[in-house]
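Visitor: What follows is work_7.txt, compact mmCIF, N, CA and C atoms.
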# COMPACT_ATOMS: atom_id res chain seq x y z
N MET L 1 0.85 -1.18 0.00
CA MET L 1 0.00 0.00 0.00
C MET L 1 0.89 1.24 0.00
N SER L 2 0.49 2.25 -0.70
CA SER L 2 1.26 3.47 -0.82
C SER L 2 1.20 4.29 0.45
N ASP L 3 2.31 4.98 0.75
CA ASP L 3 2.29 5.88 1.91
C ASP L 3 1.56 7.17 1.57
N ARG L 4 1.03 7.26 0.34
CA ARG L 4 0.26 8.42 -0.07
C ARG L 4 -1.19 8.04 -0.36
N ALA L 5 -1.65 7.00 0.31
CA ALA L 5 -3.03 6.56 0.13
C ALA L 5 -3.96 7.37 1.02
N VAL L 6 -5.13 7.64 0.50
CA VAL L 6 -6.19 8.28 1.27
C VAL L 6 -7.27 7.23 1.45
N ARG L 7 -7.66 7.03 2.69
CA ARG L 7 -8.65 6.00 3.01
C ARG L 7 -9.86 6.65 3.65
N VAL L 8 -11.04 6.21 3.25
CA VAL L 8 -12.28 6.72 3.83
C VAL L 8 -13.06 5.55 4.42
N ASP L 9 -13.41 5.69 5.68
CA ASP L 9 -14.20 4.69 6.39
C ASP L 9 -15.62 5.21 6.49
N THR L 10 -16.53 4.59 5.76
CA THR L 10 -17.91 5.07 5.73
C THR L 10 -18.68 4.79 7.02
N THR L 11 -18.09 3.99 7.92
CA THR L 11 -18.77 3.73 9.19
C THR L 11 -18.31 4.68 10.28
N SER L 12 -17.30 5.49 9.99
CA SER L 12 -16.76 6.42 10.98
C SER L 12 -17.75 7.55 11.25
N GLN L 13 -17.68 8.08 12.47
CA GLN L 13 -18.50 9.24 12.80
C GLN L 13 -17.91 10.51 12.19
N VAL L 14 -16.65 10.43 11.75
CA VAL L 14 -16.00 11.58 11.10
C VAL L 14 -16.49 11.62 9.66
N PRO L 15 -17.03 12.75 9.22
CA PRO L 15 -17.55 12.84 7.85
C PRO L 15 -16.46 12.54 6.82
N PRO L 16 -16.82 11.92 5.69
CA PRO L 16 -15.82 11.58 4.67
C PRO L 16 -14.98 12.77 4.21
N TYR L 17 -15.61 13.96 4.02
CA TYR L 17 -14.82 15.11 3.56
C TYR L 17 -13.74 15.45 4.58
N GLU L 18 -14.03 15.29 5.87
CA GLU L 18 -13.06 15.61 6.91
C GLU L 18 -11.95 14.56 6.95
N GLN L 19 -12.29 13.30 6.69
CA GLN L 19 -11.27 12.26 6.62
C GLN L 19 -10.29 12.57 5.48
N ILE L 20 -10.83 12.96 4.33
CA ILE L 20 -9.99 13.30 3.17
C ILE L 20 -9.14 14.52 3.49
N ARG L 21 -9.76 15.57 4.03
CA ARG L 21 -9.05 16.81 4.34
C ARG L 21 -7.89 16.54 5.30
N ALA L 22 -8.19 15.81 6.37
CA ALA L 22 -7.17 15.56 7.40
C ALA L 22 -6.02 14.73 6.85
N GLN L 23 -6.33 13.72 6.05
CA GLN L 23 -5.27 12.87 5.52
C GLN L 23 -4.41 13.61 4.50
N LEU L 24 -5.04 14.39 3.61
CA LEU L 24 -4.25 15.15 2.65
C LEU L 24 -3.41 16.21 3.35
N ALA L 25 -3.98 16.87 4.36
CA ALA L 25 -3.21 17.87 5.12
C ALA L 25 -2.00 17.21 5.77
N ALA L 26 -2.18 16.02 6.33
CA ALA L 26 -1.06 15.32 6.96
C ALA L 26 -0.01 14.94 5.93
N LEU L 27 -0.44 14.48 4.76
CA LEU L 27 0.51 14.12 3.70
C LEU L 27 1.31 15.34 3.24
N ILE L 28 0.66 16.48 3.19
CA ILE L 28 1.33 17.72 2.77
C ILE L 28 2.28 18.19 3.86
N ARG L 29 1.80 18.25 5.08
CA ARG L 29 2.61 18.78 6.18
C ARG L 29 3.80 17.90 6.52
N THR L 30 3.70 16.60 6.24
CA THR L 30 4.82 15.69 6.52
C THR L 30 5.76 15.57 5.33
N GLY L 31 5.44 16.24 4.22
CA GLY L 31 6.32 16.22 3.06
C GLY L 31 6.15 15.04 2.14
N ARG L 32 5.16 14.19 2.40
CA ARG L 32 4.92 13.06 1.49
C ARG L 32 4.28 13.52 0.20
N LEU L 33 3.62 14.67 0.24
CA LEU L 33 3.18 15.38 -0.97
C LEU L 33 3.94 16.71 -0.94
N THR L 34 4.63 17.01 -2.00
CA THR L 34 5.49 18.18 -2.00
C THR L 34 4.92 19.30 -2.87
N GLU L 35 5.46 20.48 -2.66
CA GLU L 35 5.01 21.67 -3.38
C GLU L 35 5.03 21.41 -4.89
N GLY L 36 3.92 21.78 -5.52
CA GLY L 36 3.79 21.65 -6.96
C GLY L 36 3.22 20.33 -7.44
N GLU L 37 3.17 19.32 -6.57
CA GLU L 37 2.61 18.03 -7.00
C GLU L 37 1.14 18.20 -7.32
N ARG L 38 0.73 17.56 -8.38
CA ARG L 38 -0.66 17.65 -8.82
C ARG L 38 -1.49 16.59 -8.12
N LEU L 39 -2.64 17.00 -7.62
CA LEU L 39 -3.58 16.08 -6.98
C LEU L 39 -4.58 15.60 -8.02
N PRO L 40 -5.24 14.47 -7.75
CA PRO L 40 -6.28 14.01 -8.67
C PRO L 40 -7.40 15.05 -8.76
N THR L 41 -8.11 15.05 -9.86
CA THR L 41 -9.26 15.94 -9.98
C THR L 41 -10.30 15.52 -8.95
N VAL L 42 -11.21 16.42 -8.66
CA VAL L 42 -12.29 16.12 -7.73
C VAL L 42 -13.05 14.89 -8.21
N ARG L 43 -13.38 14.86 -9.48
CA ARG L 43 -14.15 13.72 -10.02
C ARG L 43 -13.38 12.42 -9.94
N GLN L 44 -12.07 12.48 -10.24
CA GLN L 44 -11.26 11.25 -10.21
C GLN L 44 -11.14 10.70 -8.79
N LEU L 45 -10.83 11.56 -7.82
CA LEU L 45 -10.70 11.10 -6.44
C LEU L 45 -12.04 10.60 -5.91
N ALA L 46 -13.12 11.29 -6.26
CA ALA L 46 -14.46 10.85 -5.83
C ALA L 46 -14.76 9.47 -6.40
N ALA L 47 -14.46 9.26 -7.68
CA ALA L 47 -14.70 7.95 -8.30
C ALA L 47 -13.84 6.88 -7.65
N ASP L 48 -12.57 7.19 -7.40
CA ASP L 48 -11.66 6.22 -6.78
C ASP L 48 -12.15 5.81 -5.39
N LEU L 49 -12.73 6.76 -4.66
CA LEU L 49 -13.19 6.50 -3.29
C LEU L 49 -14.65 6.07 -3.22
N GLY L 50 -15.37 6.14 -4.34
CA GLY L 50 -16.78 5.79 -4.35
C GLY L 50 -17.64 6.80 -3.61
N LEU L 51 -17.27 8.08 -3.72
CA LEU L 51 -17.99 9.15 -3.04
C LEU L 51 -18.56 10.13 -4.05
N ALA L 52 -19.44 10.98 -3.58
CA ALA L 52 -19.99 12.04 -4.42
C ALA L 52 -18.91 13.10 -4.64
N PRO L 53 -18.83 13.68 -5.83
CA PRO L 53 -17.84 14.72 -6.10
C PRO L 53 -17.92 15.90 -5.11
N GLY L 54 -19.10 16.23 -4.65
CA GLY L 54 -19.24 17.32 -3.70
C GLY L 54 -18.50 17.08 -2.40
N THR L 55 -18.37 15.81 -2.01
CA THR L 55 -17.65 15.46 -0.78
C THR L 55 -16.17 15.80 -0.93
N VAL L 56 -15.58 15.40 -2.06
CA VAL L 56 -14.17 15.69 -2.31
C VAL L 56 -13.98 17.19 -2.53
N ALA L 57 -14.92 17.82 -3.23
CA ALA L 57 -14.83 19.27 -3.48
C ALA L 57 -14.79 20.03 -2.15
N ARG L 58 -15.58 19.60 -1.19
CA ARG L 58 -15.57 20.29 0.12
C ARG L 58 -14.21 20.14 0.80
N ALA L 59 -13.64 18.94 0.74
CA ALA L 59 -12.31 18.73 1.33
C ALA L 59 -11.28 19.62 0.64
N TYR L 60 -11.33 19.69 -0.68
CA TYR L 60 -10.40 20.54 -1.43
C TYR L 60 -10.60 22.02 -1.08
N ARG L 61 -11.86 22.45 -0.93
CA ARG L 61 -12.12 23.85 -0.56
C ARG L 61 -11.50 24.18 0.80
N GLU L 62 -11.64 23.27 1.74
CA GLU L 62 -11.07 23.51 3.07
C GLU L 62 -9.55 23.51 3.03
N LEU L 63 -8.96 22.66 2.19
CA LEU L 63 -7.51 22.66 2.05
C LEU L 63 -7.02 23.95 1.38
N GLU L 64 -7.82 24.46 0.44
CA GLU L 64 -7.48 25.75 -0.18
C GLU L 64 -7.58 26.88 0.84
N ALA L 65 -8.62 26.85 1.66
CA ALA L 65 -8.79 27.88 2.68
C ALA L 65 -7.62 27.86 3.67
N ALA L 66 -7.06 26.68 3.91
CA ALA L 66 -5.90 26.54 4.80
C ALA L 66 -4.59 26.81 4.07
N GLU L 67 -4.71 27.16 2.78
CA GLU L 67 -3.56 27.47 1.92
C GLU L 67 -2.58 26.31 1.78
N LEU L 68 -3.12 25.08 1.80
CA LEU L 68 -2.29 23.89 1.60
C LEU L 68 -2.28 23.45 0.14
N ILE L 69 -3.34 23.80 -0.59
CA ILE L 69 -3.40 23.49 -2.02
C ILE L 69 -3.90 24.72 -2.76
N ARG L 70 -3.71 24.72 -4.08
CA ARG L 70 -4.24 25.79 -4.91
C ARG L 70 -4.77 25.16 -6.19
N THR L 71 -5.87 25.70 -6.67
CA THR L 71 -6.48 25.20 -7.90
C THR L 71 -6.48 26.31 -8.92
N ARG L 72 -6.00 26.01 -10.10
CA ARG L 72 -5.99 26.95 -11.21
C ARG L 72 -6.64 26.28 -12.41
N ARG L 73 -7.53 26.99 -13.04
CA ARG L 73 -8.20 26.46 -14.22
C ARG L 73 -7.14 26.10 -15.27
N GLY L 74 -7.20 24.89 -15.77
CA GLY L 74 -6.26 24.44 -16.77
C GLY L 74 -4.98 23.86 -16.20
N ALA L 75 -4.66 24.18 -14.96
CA ALA L 75 -3.43 23.67 -14.33
C ALA L 75 -3.73 22.63 -13.26
N GLY L 76 -5.00 22.48 -12.90
CA GLY L 76 -5.37 21.50 -11.90
C GLY L 76 -5.14 21.96 -10.48
N THR L 77 -5.23 21.00 -9.59
CA THR L 77 -5.05 21.26 -8.17
C THR L 77 -3.67 20.78 -7.78
N ARG L 78 -2.91 21.68 -7.18
CA ARG L 78 -1.52 21.36 -6.82
C ARG L 78 -1.26 21.71 -5.36
N VAL L 79 -0.26 21.02 -4.81
CA VAL L 79 0.16 21.29 -3.43
C VAL L 79 0.83 22.65 -3.40
N ALA L 80 0.43 23.47 -2.45
CA ALA L 80 1.01 24.81 -2.28
C ALA L 80 2.26 24.70 -1.42
N GLY L 81 3.08 25.73 -1.49
CA GLY L 81 4.27 25.78 -0.64
C GLY L 81 3.85 26.00 0.80
N LEU L 82 4.51 25.33 1.71
CA LEU L 82 4.21 25.49 3.13
C LEU L 82 4.92 26.73 3.66
N PRO L 83 4.29 27.43 4.60
CA PRO L 83 4.98 28.54 5.23
C PRO L 83 6.23 28.02 5.94
N SER L 84 7.27 28.83 6.01
CA SER L 84 8.53 28.37 6.59
C SER L 84 8.43 28.15 8.10
N GLY L 85 7.59 28.90 8.78
CA GLY L 85 7.45 28.75 10.23
C GLY L 85 6.47 27.64 10.57
N PRO L 86 6.34 27.34 11.87
CA PRO L 86 5.37 26.33 12.28
C PRO L 86 3.95 26.80 11.99
N HIS L 87 3.08 25.87 11.60
CA HIS L 87 1.71 26.25 11.29
C HIS L 87 0.88 26.31 12.57
N ALA L 88 0.01 27.29 12.61
CA ALA L 88 -0.87 27.43 13.77
C ALA L 88 -2.02 26.43 13.63
N HIS L 89 -2.37 25.81 14.71
CA HIS L 89 -3.49 24.88 14.65
C HIS L 89 -4.80 25.63 14.88
N ASP L 90 -5.85 25.05 14.43
CA ASP L 90 -7.18 25.62 14.58
C ASP L 90 -7.76 25.05 15.88
N ALA L 91 -7.77 25.86 16.92
CA ALA L 91 -8.22 25.40 18.24
C ALA L 91 -9.67 24.92 18.22
N HIS L 92 -10.53 25.58 17.45
CA HIS L 92 -11.93 25.16 17.38
C HIS L 92 -12.03 23.78 16.74
N ARG L 93 -11.32 23.57 15.62
CA ARG L 93 -11.37 22.27 14.93
C ARG L 93 -10.79 21.19 15.81
N LEU L 94 -9.69 21.52 16.52
CA LEU L 94 -9.06 20.55 17.41
C LEU L 94 -10.05 20.13 18.52
N GLY L 95 -10.77 21.10 19.08
CA GLY L 95 -11.76 20.79 20.10
C GLY L 95 -12.88 19.91 19.56
N THR L 96 -13.32 20.22 18.35
CA THR L 96 -14.38 19.41 17.72
C THR L 96 -13.90 17.99 17.50
N LEU L 97 -12.68 17.83 16.98
CA LEU L 97 -12.14 16.49 16.77
C LEU L 97 -12.01 15.72 18.09
N ALA L 98 -11.56 16.41 19.13
CA ALA L 98 -11.43 15.77 20.44
C ALA L 98 -12.79 15.31 20.97
N ARG L 99 -13.80 16.16 20.82
CA ARG L 99 -15.15 15.79 21.28
C ARG L 99 -15.69 14.62 20.47
N ASP L 100 -15.47 14.64 19.14
CA ASP L 100 -15.94 13.55 18.29
C ASP L 100 -15.26 12.23 18.66
N PHE L 101 -13.94 12.29 18.87
CA PHE L 101 -13.20 11.09 19.25
C PHE L 101 -13.69 10.57 20.60
N THR L 102 -13.83 11.46 21.56
CA THR L 102 -14.27 11.06 22.89
C THR L 102 -15.65 10.42 22.84
N SER L 103 -16.56 11.02 22.08
CA SER L 103 -17.91 10.45 21.95
C SER L 103 -17.88 9.07 21.33
N ALA L 104 -17.08 8.91 20.27
CA ALA L 104 -16.99 7.61 19.60
C ALA L 104 -16.35 6.58 20.52
N ALA L 105 -15.33 6.99 21.27
CA ALA L 105 -14.67 6.06 22.19
C ALA L 105 -15.62 5.64 23.31
N ARG L 106 -16.38 6.59 23.84
CA ARG L 106 -17.36 6.25 24.90
C ARG L 106 -18.43 5.31 24.36
N ALA L 107 -18.84 5.51 23.10
CA ALA L 107 -19.83 4.63 22.49
C ALA L 107 -19.30 3.20 22.38
N LEU L 108 -17.97 3.06 22.28
CA LEU L 108 -17.36 1.73 22.25
C LEU L 108 -17.23 1.13 23.65
N GLY L 109 -17.54 1.93 24.67
CA GLY L 109 -17.44 1.47 26.05
C GLY L 109 -16.13 1.80 26.73
N ALA L 110 -15.31 2.64 26.10
CA ALA L 110 -14.02 3.00 26.68
C ALA L 110 -14.19 3.99 27.82
N GLY L 111 -13.41 3.80 28.86
CA GLY L 111 -13.39 4.72 29.98
C GLY L 111 -12.35 5.80 29.76
N THR L 112 -12.28 6.74 30.69
CA THR L 112 -11.37 7.87 30.58
C THR L 112 -9.92 7.42 30.42
N GLU L 113 -9.47 6.47 31.23
CA GLU L 113 -8.07 6.01 31.16
C GLU L 113 -7.78 5.33 29.83
N ASP L 114 -8.73 4.56 29.29
CA ASP L 114 -8.55 3.92 27.99
C ASP L 114 -8.43 4.97 26.88
N ILE L 115 -9.26 5.99 26.97
CA ILE L 115 -9.24 7.07 25.97
C ILE L 115 -7.91 7.81 26.03
N LEU L 116 -7.47 8.16 27.23
CA LEU L 116 -6.19 8.86 27.39
C LEU L 116 -5.03 8.01 26.90
N ALA L 117 -5.08 6.71 27.17
CA ALA L 117 -4.01 5.80 26.71
C ALA L 117 -3.98 5.74 25.19
N ALA L 118 -5.16 5.72 24.57
CA ALA L 118 -5.22 5.68 23.10
C ALA L 118 -4.64 6.96 22.50
N VAL L 119 -4.94 8.09 23.11
CA VAL L 119 -4.39 9.37 22.63
C VAL L 119 -2.88 9.39 22.82
N ARG L 120 -2.40 8.93 23.96
CA ARG L 120 -0.94 8.89 24.19
C ARG L 120 -0.26 8.00 23.16
N ASP L 121 -0.86 6.83 22.90
CA ASP L 121 -0.30 5.92 21.90
C ASP L 121 -0.26 6.58 20.52
N ALA L 122 -1.32 7.28 20.16
CA ALA L 122 -1.38 7.95 18.87
C ALA L 122 -0.33 9.06 18.78
N LEU L 123 -0.15 9.79 19.87
CA LEU L 123 0.84 10.86 19.89
C LEU L 123 2.27 10.32 19.80
N ASN L 124 2.48 9.14 20.34
CA ASN L 124 3.82 8.55 20.35
C ASN L 124 4.15 7.78 19.08
N SER L 125 3.19 7.67 18.17
CA SER L 125 3.45 7.00 16.89
C SER L 125 3.23 8.00 15.78
N ASP L 126 3.62 7.64 14.59
CA ASP L 126 3.36 8.50 13.43
C ASP L 126 1.93 8.21 13.02
N SER L 127 0.97 8.81 13.73
CA SER L 127 -0.44 8.47 13.56
C SER L 127 -0.96 8.70 12.16
N GLY L 128 -0.53 9.75 11.48
CA GLY L 128 -0.98 9.99 10.10
C GLY L 128 -0.53 8.88 9.19
N HIS L 129 0.75 8.43 9.36
CA HIS L 129 1.28 7.36 8.53
C HIS L 129 0.63 6.03 8.89
N ALA L 130 0.41 5.80 10.19
CA ALA L 130 -0.20 4.54 10.61
C ALA L 130 -1.61 4.42 10.06
N ALA L 131 -2.36 5.50 10.08
CA ALA L 131 -3.73 5.44 9.56
C ALA L 131 -3.74 5.19 8.08
N ALA L 132 -2.76 5.74 7.37
CA ALA L 132 -2.74 5.60 5.92
C ALA L 132 -2.20 4.25 5.48
N THR L 133 -1.54 3.50 6.37
CA THR L 133 -0.94 2.24 5.95
C THR L 133 -1.47 1.03 6.71
N ASP L 134 -2.55 1.17 7.44
CA ASP L 134 -3.13 0.07 8.20
C ASP L 134 -3.79 -0.90 7.24
N ASP L 135 -3.18 -2.07 7.05
CA ASP L 135 -3.71 -3.04 6.09
C ASP L 135 -4.96 -3.75 6.58
N SER L 136 -5.26 -3.70 7.88
CA SER L 136 -6.42 -4.42 8.40
C SER L 136 -7.72 -3.88 7.83
N ALA L 137 -7.78 -2.61 7.49
CA ALA L 137 -9.00 -2.03 6.94
C ALA L 137 -9.14 -2.26 5.46
N ALA L 138 -8.08 -2.72 4.80
CA ALA L 138 -8.12 -2.88 3.35
C ALA L 138 -9.18 -3.88 2.92
N ALA L 139 -9.44 -4.89 3.72
CA ALA L 139 -10.42 -5.89 3.36
C ALA L 139 -11.84 -5.50 3.76
N ASP L 140 -12.00 -4.41 4.47
CA ASP L 140 -13.31 -3.96 4.95
C ASP L 140 -14.05 -3.25 3.81
N PRO L 141 -15.18 -3.77 3.38
CA PRO L 141 -15.89 -3.14 2.26
C PRO L 141 -16.43 -1.75 2.58
N ARG L 142 -16.44 -1.37 3.86
CA ARG L 142 -16.91 -0.03 4.23
C ARG L 142 -15.80 0.99 4.17
N THR L 143 -14.59 0.52 3.85
CA THR L 143 -13.44 1.41 3.76
C THR L 143 -12.96 1.44 2.32
N THR L 144 -12.84 2.64 1.76
CA THR L 144 -12.33 2.77 0.41
C THR L 144 -11.02 3.52 0.45
N GLU L 145 -10.23 3.33 -0.60
CA GLU L 145 -8.90 3.91 -0.60
C GLU L 145 -8.54 4.36 -2.00
N ALA L 146 -7.77 5.43 -2.06
CA ALA L 146 -7.24 5.92 -3.32
C ALA L 146 -5.83 6.40 -3.08
N THR L 147 -4.96 6.16 -4.04
CA THR L 147 -3.60 6.64 -3.93
C THR L 147 -3.51 8.00 -4.59
N VAL L 148 -2.92 8.94 -3.88
CA VAL L 148 -2.76 10.29 -4.38
C VAL L 148 -1.38 10.35 -5.03
N THR L 149 -1.36 10.50 -6.34
CA THR L 149 -0.10 10.52 -7.05
C THR L 149 0.07 11.82 -7.80
N GLY L 150 1.31 12.24 -7.92
CA GLY L 150 1.59 13.43 -8.72
C GLY L 150 1.38 13.09 -10.18
N ARG L 151 0.63 13.91 -10.88
CA ARG L 151 0.33 13.62 -12.30
C ARG L 151 0.83 14.71 -13.18
Would you write the structure of this file as C-alpha cells?
Guide:
Amino acid sequence: MSDRAVRVDTTSQVPPYEQIRAQLAALIRTGRLTEGERLPTVRQLAADLGLAPGTVARAYRELEAAELIRTRRGAGTRVAGLPSGPHAHDAHRLGTLARDFTSAARALGAGTEDILAAVRDALNSDSGHAAATDDSAAADPRTTEATVTGR
C-alpha cells in the first residue's frame, strides 16, 4: 500500500470530507506530498473512493482555505508551498475532533483512562502514517482507498 493513500471509512463518525481533508493535510505537512505536485481531480478522487464529487470538493475547498493546495483552471489542483514557520493549529477544529473522538470512544465502552491511553499511543506514533498504511482495513468493504499521485 502506498504511503500516499487516502482511506475513507464510511462507518466512521467523522464525515468523509473531513477524513480526506485531514489525511491530505497530513501528507502535505509531513512532506509526502510536495510543493507543486498535482492532486487528482475532484471527479477522479471521488470515483476512486466511491464518493460524491461534492464530498471531495468540500475537502479541497477547506484545504485551499488553509492554503495547503491551490487550484488553477487548466493547471489542476496542486500542493502549495508550506509557510517556513510552524503552522498554527485551529483550536476550534481541534476541540471538535477531540469531542468527536471522545464520543466515539465512549460509544465503544471505553473509559477515561482507555481514551487517554489511546491518545498517548497515537501521539507517540506516526499516527498519520499509521492510519494511511493500516492493512487491516483494506479488506473492509466499508473502507475505500485511493492513492494520491503526482500527475
Visitor: List every residue of stretch 2-145 of chain L that DSSP, applied to the backbone of this structure, places in alpha helix (DSSP H), and write the result as a count of residues only.
Guide: 72
Visitor: So which one's closest to L:Gly36, L:Ala91, L:Ala98, L:Ala80, L:Val148? Using only N, CA and C atoms, please.
Guide: L:Ala80
Visitor: Just the number, please: distance in Å from atom CA of L:Asp9 to atom CA of L:Asp114, one decimal.
Guide: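 Separation between atom CA of L:Asp9 and atom CA of L:Asp114: 22.3 Å.
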Visitor: Rounded to one decimal, what separation in Å do you get between atom CA of L:Glu35 and atom CA of L:Leu97?
Guide: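 Separating atom CA of L:Glu35 from atom CA of L:Leu97 is a distance of 27.0 Å.
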Visitor: Could you please determine the separation between atom CA of L:Thr34 and atom CA of L:Val79 in Å, to one decimal place?
Guide: 6.3 Å
Visitor: Check the smallest atom-to-atom distance from each of L:Ala104, L:Arg38, L:Ala59, L:Gln44 to L:Gln23 using only C-alpha atoms, then report the winner.
Guide: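 Among the listed residues, the smallest separation from L:Gln23 belongs to L:Ala59.
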Visitor: Restricting the calculation to only N, CA and C atoms, which member of L:Thr96, L:Thr77, L:Glu67, L:Arg7 is positioned closest to L:Thr41?
Guide: L:Thr77
Visitor: List every protein, DNA or RNA residue that has an atom no more than 6 Å from (5.6, 11.0, -0.1) in the file's coordinate frame, counting only C-alpha atoms, and report them as a list in words.
Guide: Arg4, Arg32 and Leu33 of chain L
Visitor: Please return, as a PDB file with N, CA and C atoms, in the frame of the given file, all residues of chain L that DSSP assigns to strand (DSSP E) on the basis of the backbone.
Guide:
ATOM      1  N   ALA L   5      -1.650   7.000   0.310  1.00  0.00           N
ATOM      2  CA  ALA L   5      -3.030   6.560   0.130  1.00  0.00           C
ATOM      3  C   ALA L   5      -3.960   7.370   1.020  1.00  0.00           C
ATOM      4  N   VAL L   6      -5.130   7.640   0.500  1.00  0.00           N
ATOM      5  CA  VAL L   6      -6.190   8.280   1.270  1.00  0.00           C
ATOM      6  C   VAL L   6      -7.270   7.230   1.450  1.00  0.00           C
ATOM      7  N   ARG L   7      -7.660   7.030   2.690  1.00  0.00           N
ATOM      8  CA  ARG L   7      -8.650   6.000   3.010  1.00  0.00           C
ATOM      9  C   ARG L   7      -9.860   6.650   3.650  1.00  0.00           C
ATOM     10  N   VAL L   8     -11.040   6.210   3.250  1.00  0.00           N
ATOM     11  CA  VAL L   8     -12.280   6.720   3.830  1.00  0.00           C
ATOM     12  C   VAL L   8     -13.060   5.550   4.420  1.00  0.00           C
ATOM     13  N   ASP L   9     -13.410   5.690   5.680  1.00  0.00           N
ATOM     14  CA  ASP L   9     -14.200   4.690   6.390  1.00  0.00           C
ATOM     15  C   ASP L   9     -15.620   5.210   6.490  1.00  0.00           C
ATOM     16  N   ILE L  69      -3.340  23.800  -0.590  1.00  0.00           N
ATOM     17  CA  ILE L  69      -3.400  23.490  -2.020  1.00  0.00           C
ATOM     18  C   ILE L  69      -3.900  24.720  -2.760  1.00  0.00           C
ATOM     19  N   ARG L  70      -3.710  24.720  -4.080  1.00  0.00           N
ATOM     20  CA  ARG L  70      -4.240  25.790  -4.910  1.00  0.00           C
ATOM     21  C   ARG L  70      -4.770  25.160  -6.190  1.00  0.00           C
ATOM     22  N   THR L  71      -5.870  25.700  -6.670  1.00  0.00           N
ATOM     23  CA  THR L  71      -6.480  25.200  -7.900  1.00  0.00           C
ATOM     24  C   THR L  71      -6.480  26.310  -8.920  1.00  0.00           C
ATOM     25  N   ARG L  72      -6.000  26.010 -10.100  1.00  0.00           N
ATOM     26  CA  ARG L  72      -5.990  26.950 -11.210  1.00  0.00           C
ATOM     27  C   ARG L  72      -6.640  26.280 -12.410  1.00  0.00           C
ATOM     28  N   GLY L  76      -5.000  22.480 -12.900  1.00  0.00           N
ATOM     29  CA  GLY L  76      -5.370  21.500 -11.900  1.00  0.00           C
ATOM     30  C   GLY L  76      -5.140  21.960 -10.480  1.00  0.00           C
ATOM     31  N   THR L  77      -5.230  21.000  -9.590  1.00  0.00           N
ATOM     32  CA  THR L  77      -5.050  21.260  -8.170  1.00  0.00           C
ATOM     33  C   THR L  77      -3.670  20.780  -7.780  1.00  0.00           C
ATOM     34  N   ARG L  78      -2.910  21.680  -7.180  1.00  0.00           N
ATOM     35  CA  ARG L  78      -1.520  21.360  -6.820  1.00  0.00           C
ATOM     36  C   ARG L  78      -1.260  21.710  -5.360  1.00  0.00           C
ATOM     37  N   VAL L  79      -0.260  21.020  -4.810  1.00  0.00           N
ATOM     38  CA  VAL L  79       0.160  21.290  -3.430  1.00  0.00           C
ATOM     39  C   VAL L  79       0.830  22.650  -3.400  1.00  0.00           C
ATOM     40  N   THR L 143     -14.590   0.520   3.850  1.00  0.00           N
ATOM     41  CA  THR L 143     -13.440   1.410   3.760  1.00  0.00           C
ATOM     42  C   THR L 143     -12.960   1.440   2.320  1.00  0.00           C
ATOM     43  N   THR L 144     -12.840   2.640   1.760  1.00  0.00           N
ATOM     44  CA  THR L 144     -12.330   2.770   0.410  1.00  0.00           C
ATOM     45  C   THR L 144     -11.020   3.520   0.450  1.00  0.00           C
ATOM     46  N   GLU L 145     -10.230   3.330  -0.600  1.00  0.00           N
ATOM     47  CA  GLU L 145      -8.900   3.910  -0.600  1.00  0.00           C
ATOM     48  C   GLU L 145      -8.540   4.360  -2.000  1.00  0.00           C
ATOM     49  N   ALA L 146      -7.770   5.430  -2.060  1.00  0.00           N
ATOM     50  CA  ALA L 146      -7.240   5.920  -3.320  1.00  0.00           C
ATOM     51  C   ALA L 146      -5.830   6.400  -3.080  1.00  0.00           C
ATOM     52  N   THR L 147      -4.960   6.160  -4.040  1.00  0.00           N
ATOM     53  CA  THR L 147      -3.600   6.640  -3.930  1.00  0.00           C
ATOM     54  C   THR L 147      -3.510   8.000  -4.590  1.00  0.00           C
TER      55      THR L 147
END
Visitor: Point out the residue among L:Glu18, L:Thr30, L:Leu45, L:Gly74 with the least atom-to-atom distance to L:Thr147, counting only C-alpha atoms.
Guide: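 Looking only at the distances to L:Thr147, the closest residue turns out to be L:Leu45.
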Visitor: May I ask which of the residues L:Arg93, L:Val119, L:Tyr17, L:Thr112 is the closest one to L:Arg58, counting all atoms listed in the file?
Guide: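 Selected residue with least distance to L:Arg58: L:Tyr17.
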Visitor: So which residues touch L:Glu145 within 7 Å, counting only N, CA and C atoms, skipping near sequence neighbours fewer than 5 positions away, as a ChimeraX atom specification?
Guide: /L:5-8,48-50
Visitor: Residues of the last selection are to be written out with N, CA and C atoms, as a compact mmCIF listing (two decimals), keeping the file's coordinate frame.
Guide:
# COMPACT_ATOMS: atom_id res chain seq x y z
N ALA L 5 -1.65 7.00 0.31
CA ALA L 5 -3.03 6.56 0.13
C ALA L 5 -3.96 7.37 1.02
N VAL L 6 -5.13 7.64 0.50
CA VAL L 6 -6.19 8.28 1.27
C VAL L 6 -7.27 7.23 1.45
N ARG L 7 -7.66 7.03 2.69
CA ARG L 7 -8.65 6.00 3.01
C ARG L 7 -9.86 6.65 3.65
N VAL L 8 -11.04 6.21 3.25
CA VAL L 8 -12.28 6.72 3.83
C VAL L 8 -13.06 5.55 4.42
N ASP L 48 -12.57 7.19 -7.40
CA ASP L 48 -11.66 6.22 -6.78
C ASP L 48 -12.15 5.81 -5.39
N LEU L 49 -12.73 6.76 -4.66
CA LEU L 49 -13.19 6.50 -3.29
C LEU L 49 -14.65 6.07 -3.22
N GLY L 50 -15.37 6.14 -4.34
CA GLY L 50 -16.78 5.79 -4.35
C GLY L 50 -17.64 6.80 -3.61
Visitor: I'd like the box whose edges run along x, y and z of the file and which contains every listed atom of stretch 60-65 of chain L, padded by 8 Å per side; could you state its centre and edge lengths in Å, one decimal, as AutoDock Vina command-line options?
Guide:
--center_x -9.6 --center_y 23.8 --center_z 1.1 --size_x 21.1 --size_y 24.2 --size_z 21.1
